[in-house]
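Working notes, structure below.
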Amino acid sequence: MTIHASTWLVRRKWILAAVGLPVLVALWWAFRPEKLWINEKVNEAVPFDTTGGPQPILTGRFEGKSQQTSGRATIYQKSGREEYLRLSDFTTSNGGDVHVLLARSGDQSLAQDASKGDLDSVDLGSLKGIQGDQDYDLPRATDLNKYDAVVVYSEQSHAVFGVAKLEPF
Amino acid sequence: MFRTIQIAGALAMLTCVTGFGQEKAQALETGTFHGKVHNTSGRATIYKEADGRLLLRLTNFKTSNGPDVHVVLIAAKDADDDANFLKSSTEKLELGALKGNEGDQNYDIPAGTDLKKFQTVSIYCERFNANFGAAPLQKF
């Protein structure tokens with residue numbers, strides 16, 4: 001009796017192993033749980049020549065606020081570490097004394113259509129045109145970590161026409 | 001002596017002319033990844049190289065590691081976390097297996113790809129048909 005039971009147990013172990021192992025392997029293959037804590041890092045270089053010429057470092061799309069404003073704002077760095085802002089595919093509305101500013105994207109004044117004139121910003125100059133591509137020089141040593149948004153702003157009515165939040169290119 | 005100067009001059013002019021004709025790679029479209037479930041972030045940019053080939057480059061890129069993860073272009077404006085493109089029958093264009101879940105990487109885009117149609121880059125888990133992260137592309 002006991003001999004019979006133990007041989008059955010041995011046989012059952014075999015069956016368990018024969019069924020269980022492939023199931024375990026299949027589960028591992030499907031979910032690859034080890035990947036939860038294994039990172040695969042790569043660092044491929046740019047596959048084309050980028051030497052010479054300005055390089056984009058930050059970019060963002062305009063969102064219209066008090067006026068319909070659209071297009072892209074990109075900060076380029078020249079070889080001499082000088083930086084400039086380029087607006088492309090740009091469109092906004094006409095207004096009184098409209099300027100291009102750099103401001104903090106988290107500034108509460110930008111959340112409203114009009115800012116009460118207390119916007120913490122760097123003035124890049126009067127808007128050159130309400131449509132089309134245009135460049136603006138940045139003052140030397142502008143802190144782009146702090147001023148991370150481009151704002152089209154009417155100095156006359158303190159109206160925020162549009163904001164482009166800059167993100168690393 | 002004069003002849004060598006002549007030849008050198010001609011060579012210099014030739015390299016100047018051919019160098020001038022060579023156009024640089026140009027960024028056509030760009031966008032940033034969003035994906036909260038699988039922590040996907042970074043930038044996707046499509047470049048047109050000087051010879052006309054299209055290239056996708058991921059920068060500042062990060063996603064969660066997973067089984068059978070691929071980089072695809074999808075014919076949609078954007079995609080939600082864990083979206084199943086098989087179920088939504090979203091057309092996708094395979095660019096290859098994800099080379100790494102962190103870091104800068106390049107992928108060739110097949111010639112003749114219609115970028116007006118394929119407007120979003122997706123990091124897609126083929127095994128479970130789940131979108132890890134999507135980057136809607138906009139004109140650079």
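If you're wondering about the labels, chains in the structure tokens are A, B, ... by order shown, residues count from 1 in each chain, ligands from 1 in order shown.
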Check every residue of chain A for an atom within 9 Å of chain B, counting only C-alpha atoms, and provide those that qualify as a CSV table (one decimal) with N, CA and C atoms, in the first residue's frame.
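Final output, saved to selection-v8.csv:
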chain,number,residue,atom,x,y,z
A,29,TRP,N,8.6,34.6,-20.4
A,29,TRP,CA,8.8,35.1,-21.8
A,29,TRP,C,7.8,36.2,-22.0
A,30,ALA,N,6.5,36.0,-21.6
A,30,ALA,CA,5.5,37.0,-21.9
A,30,ALA,C,5.7,38.3,-21.1
A,31,PHE,N,6.0,38.2,-19.8
A,31,PHE,CA,6.1,39.4,-19.0
A,31,PHE,C,7.5,39.9,-18.8
A,32,ARG,N,8.5,39.1,-19.0
A,32,ARG,CA,9.9,39.6,-18.8
A,32,ARG,C,10.0,40.4,-17.5
A,33,PRO,N,9.7,39.9,-16.3
A,33,PRO,CA,9.6,40.7,-15.1
A,33,PRO,C,11.0,41.3,-14.7
A,35,LYS,N,12.8,43.0,-16.5
A,35,LYS,CA,12.9,44.3,-17.1
A,35,LYS,C,12.4,45.4,-16.2
A,36,LEU,N,11.7,45.0,-15.2
A,36,LEU,CA,11.2,46.0,-14.2
A,36,LEU,C,12.3,46.8,-13.6
A,37,TRP,N,13.4,46.1,-13.3
A,37,TRP,CA,14.5,46.8,-12.7
A,37,TRP,C,15.8,46.8,-13.5
A,38,ILE,N,15.7,46.4,-14.8
A,38,ILE,CA,16.9,46.5,-15.7
A,38,ILE,C,16.6,47.6,-16.7
A,39,ASN,N,17.5,48.6,-16.8
A,39,ASN,CA,17.3,49.6,-17.8
A,39,ASN,C,18.3,49.4,-18.9
A,40,GLU,N,17.8,49.6,-20.1
A,40,GLU,CA,18.7,49.5,-21.3
A,40,GLU,C,19.0,50.9,-21.8
A,41,LYS,N,20.2,51.4,-21.5
A,41,LYS,CA,20.5,52.8,-22.0
A,41,LYS,C,21.3,52.8,-23.3
A,42,VAL,N,20.9,53.7,-24.2
A,42,VAL,CA,21.6,53.9,-25.4
A,42,VAL,C,22.0,55.3,-25.6
A,43,ASN,N,23.0,55.6,-26.4
A,43,ASN,CA,23.3,57.0,-26.6
A,43,ASN,C,23.9,57.2,-28.0
A,44,GLU,N,22.9,57.1,-29.0
A,44,GLU,CA,23.3,57.3,-30.4
A,44,GLU,C,23.6,58.7,-30.7
A,45,ALA,N,24.6,58.9,-31.5
A,45,ALA,CA,25.0,60.3,-31.9
A,45,ALA,C,24.1,60.8,-33.1
A,46,VAL,N,24.0,62.1,-33.3
A,46,VAL,CA,23.3,62.6,-34.4
A,46,VAL,C,24.0,62.1,-35.7
A,47,PRO,N,23.2,61.5,-36.6
A,47,PRO,CA,23.9,60.8,-37.8
A,47,PRO,C,24.2,61.8,-38.9
A,48,PHE,N,24.1,63.1,-38.6
A,48,PHE,CA,24.5,64.0,-39.7
A,48,PHE,C,25.3,65.1,-39.1
A,49,ASP,N,25.9,65.9,-40.0
A,49,ASP,CA,26.8,67.0,-39.6
A,49,ASP,C,26.0,68.1,-38.9
A,50,THR,N,26.4,68.5,-37.7
A,50,THR,CA,25.7,69.6,-37.0
A,50,THR,C,26.6,70.7,-36.7
A,59,THR,N,12.3,74.7,-27.6
A,59,THR,CA,11.2,75.1,-28.6
A,59,THR,C,9.9,74.8,-28.0
A,60,GLY,N,8.9,75.5,-28.5
A,60,GLY,CA,7.5,75.3,-28.1
A,60,GLY,C,6.5,75.9,-29.0
A,61,ARG,N,5.2,75.5,-29.0
A,61,ARG,CA,4.2,76.1,-29.8
A,61,ARG,C,3.4,77.1,-29.1
A,71,GLY,N,1.9,79.3,-34.0
A,71,GLY,CA,3.2,79.2,-34.6
A,71,GLY,C,4.2,78.6,-33.6
A,72,ARG,N,5.5,78.7,-33.9
A,72,ARG,CA,6.5,78.1,-33.1
A,72,ARG,C,7.5,79.1,-32.6
A,74,THR,N,11.4,79.2,-31.1
A,74,THR,CA,12.6,78.3,-30.9
A,74,THR,C,13.8,79.2,-30.5
A,88,SER,N,8.5,81.1,-36.0
A,88,SER,CA,8.3,80.5,-37.3
A,88,SER,C,6.8,80.1,-37.4
A,89,ASP,N,6.3,80.2,-38.7
A,89,ASP,CA,4.8,80.0,-39.0
A,89,ASP,C,4.0,80.8,-38.1
A,167,GLU,N,10.4,74.0,-24.2
A,167,GLU,CA,10.9,72.7,-23.7
A,167,GLU,C,12.2,72.3,-24.5
A,168,PRO,N,13.1,71.5,-23.8
A,168,PRO,CA,14.3,71.2,-24.5
A,168,PRO,C,14.1,70.6,-25.8
A,169,PHE,N,14.9,71.0,-26.8
A,169,PHE,CA,14.8,70.4,-28.1
A,169,PHE,C,15.6,69.1,-28.2
Inset, instruction - Give the strand (DSSP E or B) residues of segment 25-114 of chain B, as DSSP finds them on the backbone, and put them as a VMD selection string. - result: chain B and resid 26 to 32 34 41 to 48 54 to 62 69 to 74 92 to 97 102 105 to 109
Filtering to C-alpha atoms, could you give me those residues as a compact mmCIF listing (two decimals), in the first residue's frame?
# COMPACT_ATOMS: atom_id res chain seq x y z
CA GLN B 26 16.61 69.76 -41.62
CA ALA B 27 14.14 69.22 -38.77
CA LEU B 28 10.67 68.83 -40.28
CA GLU B 29 8.48 67.97 -37.29
CA THR B 30 8.87 67.64 -33.56
CA GLY B 31 6.86 66.81 -30.45
CA THR B 32 7.22 65.67 -26.85
CA HIS B 34 3.42 61.94 -22.86
CA SER B 41 9.01 61.41 -21.70
CA GLY B 42 11.40 63.13 -24.09
CA ARG B 43 11.34 64.49 -27.61
CA ALA B 44 10.76 62.95 -31.02
CA THR B 45 12.00 64.82 -34.09
CA ILE B 46 11.79 63.88 -37.76
CA TYR B 47 14.71 65.06 -39.87
CA LYS B 48 15.14 65.16 -43.60
CA LEU B 54 13.81 60.63 -43.41
CA LEU B 55 15.02 59.93 -39.91
CA LEU B 56 13.36 59.83 -36.51
CA ARG B 57 15.50 60.84 -33.56
CA LEU B 58 14.51 60.47 -29.92
CA THR B 59 16.25 62.79 -27.43
CA ASN B 60 16.08 63.11 -23.62
CA PHE B 61 14.08 59.94 -24.00
CA LYS B 62 12.81 57.68 -21.24
CA VAL B 69 8.52 47.23 -27.27
CA HIS B 70 8.63 48.89 -30.69
CA VAL B 71 8.78 52.37 -32.18
CA VAL B 72 5.88 52.98 -34.57
CA LEU B 73 4.32 55.86 -36.45
CA ILE B 74 0.53 55.90 -36.23
CA LYS B 92 0.70 51.87 -37.80
CA LEU B 93 4.05 51.90 -39.49
CA GLU B 94 6.82 49.85 -37.87
CA LEU B 95 10.19 51.60 -37.43
CA GLY B 96 11.87 48.85 -35.43
CA ALA B 97 12.36 47.42 -31.96
CA GLU B 102 16.63 55.40 -22.02
CA GLN B 105 18.41 57.00 -30.52
CA ASN B 106 17.80 57.10 -34.29
CA TYR B 107 15.36 55.19 -36.50
CA ASP B 108 15.14 55.18 -40.29
CA ILE B 109 11.75 56.03 -41.77
Legend entry - Selection near Ser154 of chain A, 10 Å with only C-alpha atoms, sequence-local residues under 5 positions removed, as a VMD selection string: chain A and resid 94 to 100 114 to 115 117 126 to 127 159 to 161
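Separating atom CA of Phe85 of chain B from atom CA of Asn131 of chain B is a distance of 7.9 Å.
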Legend entry - atom CA of Gly20 of chain A to atom CA of Thr7 of chain A, straight-line distance in Å: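 Distance between the two atoms: 19.6 Å.
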Inset, instruction - Find the residues near Asp80 of chain B: any atom within 8 Å, counting only C-alpha atoms, skip ones fewer than 2 places away on the same chain, and give them as a PyMOL selection string. - result: chain B and resi 35+78+82-83+131+133-134
Could you dump the residues just selected with N, CA and C atoms as a compact mmCIF listing (two decimals), in the first residue's frame?
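What landed in result-v7.txt:
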# COMPACT_ATOMS: atom_id res chain seq x y z
N GLY B 35 2.97 60.08 -21.39
CA GLY B 35 2.59 58.71 -21.04
C GLY B 35 2.82 58.55 -19.55
N ASP B 78 -3.03 61.73 -32.01
CA ASP B 78 -2.44 61.48 -30.70
C ASP B 78 -2.93 60.11 -30.22
N ASP B 82 -1.87 53.29 -22.90
CA ASP B 82 -2.35 51.90 -23.04
C ASP B 82 -3.34 51.68 -24.18
N ALA B 83 -3.43 52.65 -25.10
CA ALA B 83 -4.34 52.48 -26.25
C ALA B 83 -3.94 51.23 -27.03
N ASN B 131 -0.08 51.07 -25.87
CA ASN B 131 0.72 52.26 -26.14
C ASN B 131 1.38 52.72 -24.84
N GLY B 133 3.63 55.28 -24.71
CA GLY B 133 3.73 56.73 -24.75
C GLY B 133 3.58 57.21 -26.18
N ALA B 134 3.07 58.43 -26.34
CA ALA B 134 2.87 58.97 -27.68
C ALA B 134 3.41 60.39 -27.76
Legend entry - In segment 69-168 of chain A, DSSP helix (DSSP H, G or I) residues written as a PyMOL selection string: chain A and resi 108-111
If you keep C-alpha atoms, can you produce a file of those selected residues as an mmCIF file, in the first residue's frame?
data_model
loop_
_atom_site.group_PDB
_atom_site.id
_atom_site.type_symbol
_atom_site.label_atom_id
_atom_site.label_comp_id
_atom_site.auth_asym_id
_atom_site.auth_seq_id
_atom_site.Cartn_x
_atom_site.Cartn_y
_atom_site.Cartn_z
ATOM 1 C CA GLN A 108 0.110 83.680 -12.385
ATOM 2 C CA SER A 109 -0.126 86.788 -14.572
ATOM 3 C CA LEU A 110 0.028 84.567 -17.665
ATOM 4 C CA ALA A 111 -3.008 82.604 -16.569
#
Legend entry - Residue nearest His158 of chain A among A:Ala73, A:Ala18, A:Ser66, A:Lys128 (counting only C-alpha atoms): A:Ser66
